[in-house]
Each structure stands twice: as structure tokens, then as C-alpha cells.
Amino acid sequence: MTYSIIGRCARTGRLGLGITTFSLAVGGRCEGIAAGIGVCKTQAFPNRTNDPLGIKLLAEGFLPARVMQMFAANDREHDYRQIAIMDRDGRVAAHTGSGTRGWSGHQMDTDSVAFGNGLVGPQVLAGLIAGFLAKPDDPLEYRLMRALEAGRDAGGQGNAQTHKPERSAAIKVVDRMDYPDIDVRVDVHPTAVEELRRVLEEFKLYEEFYRQRGRDPSHAIPQDVFVANLNARRQALAGARASRPAS
Amino acid sequence: MTFTIVARCSRSGQVGIGIATYSIGVGLYCNGLRANVGATMTQAFVNQGNNTLALRLLAKGFMPARVIDELAANDSDFAYRQIAVIDREGRAAAYSGAKTRGYSGHEVGNGYVAMGNVLAGHHVVEAMARGYEAKPDESFERRLLRAIEAGRDAGGQVGNDGHLTERSAGIFVYGAYDHAELDLRVDLHDKAVDELRRAFEEYELYRGYYRDRGNNPRDAVPQDVFVAGLK
């Protein structure tokens, strides 16, 4: 039981993955993302070797559809896997094995593929895609975040009787370099999608400071000074809100 | 402001990192582990290109000490970096640049580097090393975790206005595969090392189940049945 979205920003070429599930620490099992190559994620009953293999095959020049055929030929339990692959040009292949449990499926749209299993129904995939497409000019990490929230709001994991909480969640984005651009995680939490939004929003406040500090250390202010400035700005904003006449 | 253990387990050959810091989402920067190659971490003022470059240099056959020389020659702000490099045989090298802030230092032990900056003092680094060595028969990941808990208990990070809490932490282990054996993080928390211990103990209950479920899906019980069995 998991729902995920792979997305590409057509403007920047950035690639990303958003994922949430009942299982713990799902972000620790998402190695299949590489700038300038593509994204590959195997879930449901995942074999951990698929994703690194998929990235290597994409890097060799194989198309996502061909990579999927090779996965099938390489794995006698392929029917139990759910897999989505996107290359750097946005070409997509997806597979939802007949052995995956609960309501299970995938849906492709512009620069995106949504896939999940153990879901309340296809409305979750429709939610993921709608969330992703809602604000196409936003940075990719926000589009992935919105997708996960819309998937959750469409009912997420479970069935008519029982809802399964999201206990872990992650967003990863790569941008040209061979290290991640955005990589935020929630590993053990009762409402992981909400918590991931909190982590992402907080990280975005620090993102440029962290980048600049590494690139130009001789001009970097200490982080405790940065945090004090940040808190002062927050207080000023809260003050401005409080003094605004009620509407 | 960060304290870190980078190590190779001489029994299993696994390589790993345990890390805690005041910065949020530190796991973003912990991409310096590769099976059968080694482990590396650049911190303080991070040069994000260093970890992947160092792994490639190790993979080519350079020694850890030489890898650090190459990183130095490639970086005009090298004095701001703190770096550990360990190869697949456990040879280790470390560097704490003169421009890193606060108390900054490292200890190179047998198959590990303990290092940190903006610390309460060198005793934090020593405590991490002793924590890592304390129970040699425990699993590698438990020893990594013990090291950062010992660093926390020794006073951890101290900034201009006193103690700085750990807001993010992580533990990462690679074994024989090109995927992680353990990759567990706390990205934003006011006691991230405590929370990492909680997450680790919880995740430990599931690890075998998650592995077997993927390897042998036909016989896997549904996760809610597994969870019910835990209680």
C-alpha cells in the first residue's frame, strides 16, 4: 500500500519522485533517481535491485518500455511488483503486477506518472495527477507535494472499511548534478504527508542559505545568526497579521 | 555544527555514516556511501560535489589520504571543509579545515573517523569514538547510533549562545549492494538523535519483514497482519 508520483519539470528538466505509504522509512528505499538519466521506482512487493538496475539501463540508452521488458525477463516475481520508469525526456513506462494487493493501478499524464496499490480506488491516482498539474509553473518539489496531498485527500490507502495512515513520505528532486537537489523525508510519523509539508516548507527557508554557505563560505553568516534573523522575520510577519483589521 | 561517525565494519565489510547536526535535513548531504568502494562525508561548509568525486577517486584506486589531497587541489575554499574518507579496506583519512567554526576536529581510529565542528570540545569527538568502539559485537548500525548518542551526551554542539540542539540526524549503511541496507533519517525535530533512536528501534521490527516481502512475495502476510502481530 503506497501511492507515488514521478514527475518532470519541462522548463528545467528537473526530475522528481514523491512517495508516501503505510510502511516505515520509504524514502530510504528510493535510489532510482539520477539527473540527466531518469527515475525508476519499484513498489508493492519491491525487489531492491530493480531501481539501480533501471537507472543503469536508462543510462545505457534503453527506453523505459524496453527497461520494463528487461525487468520482466529478470524477475520471476515480476507480477508482484509495481514499477514506474521515466526517462529524462519524459517518456514513461509503468507496470502494475496482477499479484499486487488491494486496488492497484497507474495513470500517466503530462510529464507525470501516478501509481499506487492498496488504495481506496482510482480517484487517488486522479488526485495525484490533478495535484501535480494544478500549478505547472511551481518548482517541481511543490508540484510533487501537492500531488501527494491531493492523493491523500482523495482517500489514500485502504478500502471502504479501513483507512491506512501514511506513516512515511519523501520527495526527491535532481537537477543536473550527481547529488540530490531536494531530498526531504519523514520516516516514522502518524500523519506523514502533513509532516512532509512542514519539513519541506521549513527546508525551503534554509535552502538558499545552505547552498550559498557551501559555495561562498568566506561570506557566510553563522547558522544561529541566520536562524535568529529568520525568527525575527517570522515575528514581524505574525505582528503584521495581528495588527491587520479583521475582514 | 555537526558531529559524525564514518566507518567500515571489519566483520561485515559494510560501510556507514551516523550523523547529527543543528542544520535541518542533513540526510540530503549523505550521499557518500558505495558498496565495495568506501565511505566519505564532507561537512561544515559543504562542497556538494566532494562526496561523489571522492567515491569515484576511491573506485579508481586512489588511497583515502590521496583522495583528500585531490579534493584540496580542486577547491579554492578547501579550508572551510571538514572531510572523512574511508576505503573498502578500512583505511581512513580526515581533514578539519582551519576556517571551520568553533571547536572543530577529528579522530581517526581503526576503520573509522569521528569528526565534528562547532562542538563543545574535543571530548565530543572522543566520546563518539569510544561510543563506536564500546560494543564491538553489536550490529554495525547499533554501533554507529551509539557513537552519535555518545557525542550528544558529551555536550554535542555549542554555538555563540550556548548548546545547539540536534535538529536532524541520520544513519546510513551500505553492504554488498548498490542500494542502501539502512537509510533512516530525522529531518526536522527538536531532539533529532532521540527521535532517530526511536525510529531505528521501530524500523528494526520491520526490516526483516520488508526484505522478505520483496524477495518472496507469494508467502508475504499483509502488512496490517504483520503489524497486528507486533502488538
# chains A, B, ... in the order shown; residues from 1 in each chain; ligands from 1

$ residues_around --residues "region 88-91 of chain B" --least-positions-apart "6" --cutoff "10 Å" --atoms "only C-alpha atoms" --output "list of chain:residue names"
B:Ala7, B:Arg8, B:Cys9, B:Ser10, B:Gly13, B:Gln14, B:Val15, B:Arg34, B:Ala35, B:Asn36, B:Val37, B:Gly38, B:Ala39, B:Leu58, B:Ala59, B:Met63, B:Pro64, B:Ala65, B:Val108, B:Gly109, B:Asn110, B:Gly111, B:Tyr112, B:Val113

$ interface_residues --of "chain B" --to "chain A" --cutoff "6 Å" --atoms "only C-alpha atoms" --output "list in words"
Leu28, Phe45, Val46, Asn47, Asp183, Arg213, Gly214 and Pro217 of chain B

$ closest_residue --among "B:Lys99, B:Arg207, B:Arg167, B:Arg130" --to "Ala44 (chain B)" --atoms "only C-alpha atoms"
B:Lys99

$ residues_around --residues "Thr12 (chain A)" --least-positions-apart "2" --cutoff "10 Å" --atoms "only C-alpha atoms" --output "PyMOL selection string"
chain A and resi 8-10+14-15+139-140+175-176

$ decode --residues "region 158-199 of chain A" --atoms "C-alpha atoms" --output "short mmCIF file (atom, residue, chain, number, x, y, z; two decimals), in the first residue's frame"
data_model
loop_
_atom_site.label_atom_id
_atom_site.label_comp_id
_atom_site.auth_asym_id
_atom_site.auth_seq_id
_atom_site.Cartn_x
_atom_site.Cartn_y
_atom_site.Cartn_z
CA GLY A 158 -7.23 1.38 2.47
CA ASN A 159 -10.69 0.29 1.44
CA ALA A 160 -14.30 1.10 2.20
CA GLN A 161 -13.91 -0.22 5.76
CA THR A 162 -10.47 0.93 6.84
CA HIS A 163 -8.20 3.84 6.09
CA LYS A 164 -4.47 3.17 6.32
CA PRO A 165 -2.48 6.13 7.61
CA GLU A 166 0.57 7.44 5.76
CA ARG A 167 3.45 6.61 8.12
CA SER A 168 6.35 7.70 5.91
CA ALA A 169 6.80 10.01 2.94
CA ALA A 170 9.53 11.56 0.84
CA ILE A 171 10.21 13.96 -2.00
CA LYS A 172 13.38 13.76 -4.06
CA VAL A 173 14.35 16.08 -6.91
CA VAL A 174 17.52 16.02 -9.01
CA ASP A 175 18.80 18.89 -11.12
CA ARG A 176 21.84 18.35 -13.38
CA MET A 177 24.24 17.36 -10.58
CA ASP A 178 25.01 13.86 -9.35
CA TYR A 179 23.82 14.72 -5.87
CA PRO A 180 20.18 15.43 -4.96
CA ASP A 181 18.77 18.92 -5.27
CA ILE A 182 15.84 18.41 -2.88
CA ASP A 183 15.60 15.40 -0.58
CA VAL A 184 13.12 15.70 2.29
CA ARG A 185 11.91 12.81 4.38
CA VAL A 186 9.54 11.71 7.08
CA ASP A 187 10.34 8.17 8.20
CA VAL A 188 8.07 7.35 11.18
CA HIS A 189 5.03 9.56 11.78
CA PRO A 190 1.25 9.06 12.20
CA THR A 191 0.39 11.69 9.53
CA ALA A 192 3.46 11.67 7.32
CA VAL A 193 2.12 13.75 4.42
CA GLU A 194 1.26 16.68 6.72
CA GLU A 195 4.65 16.34 8.37
CA LEU A 196 6.39 16.25 5.00
CA ARG A 197 4.72 19.54 4.08
CA ARG A 198 6.04 21.03 7.34
CA VAL A 199 9.57 19.75 6.67
#
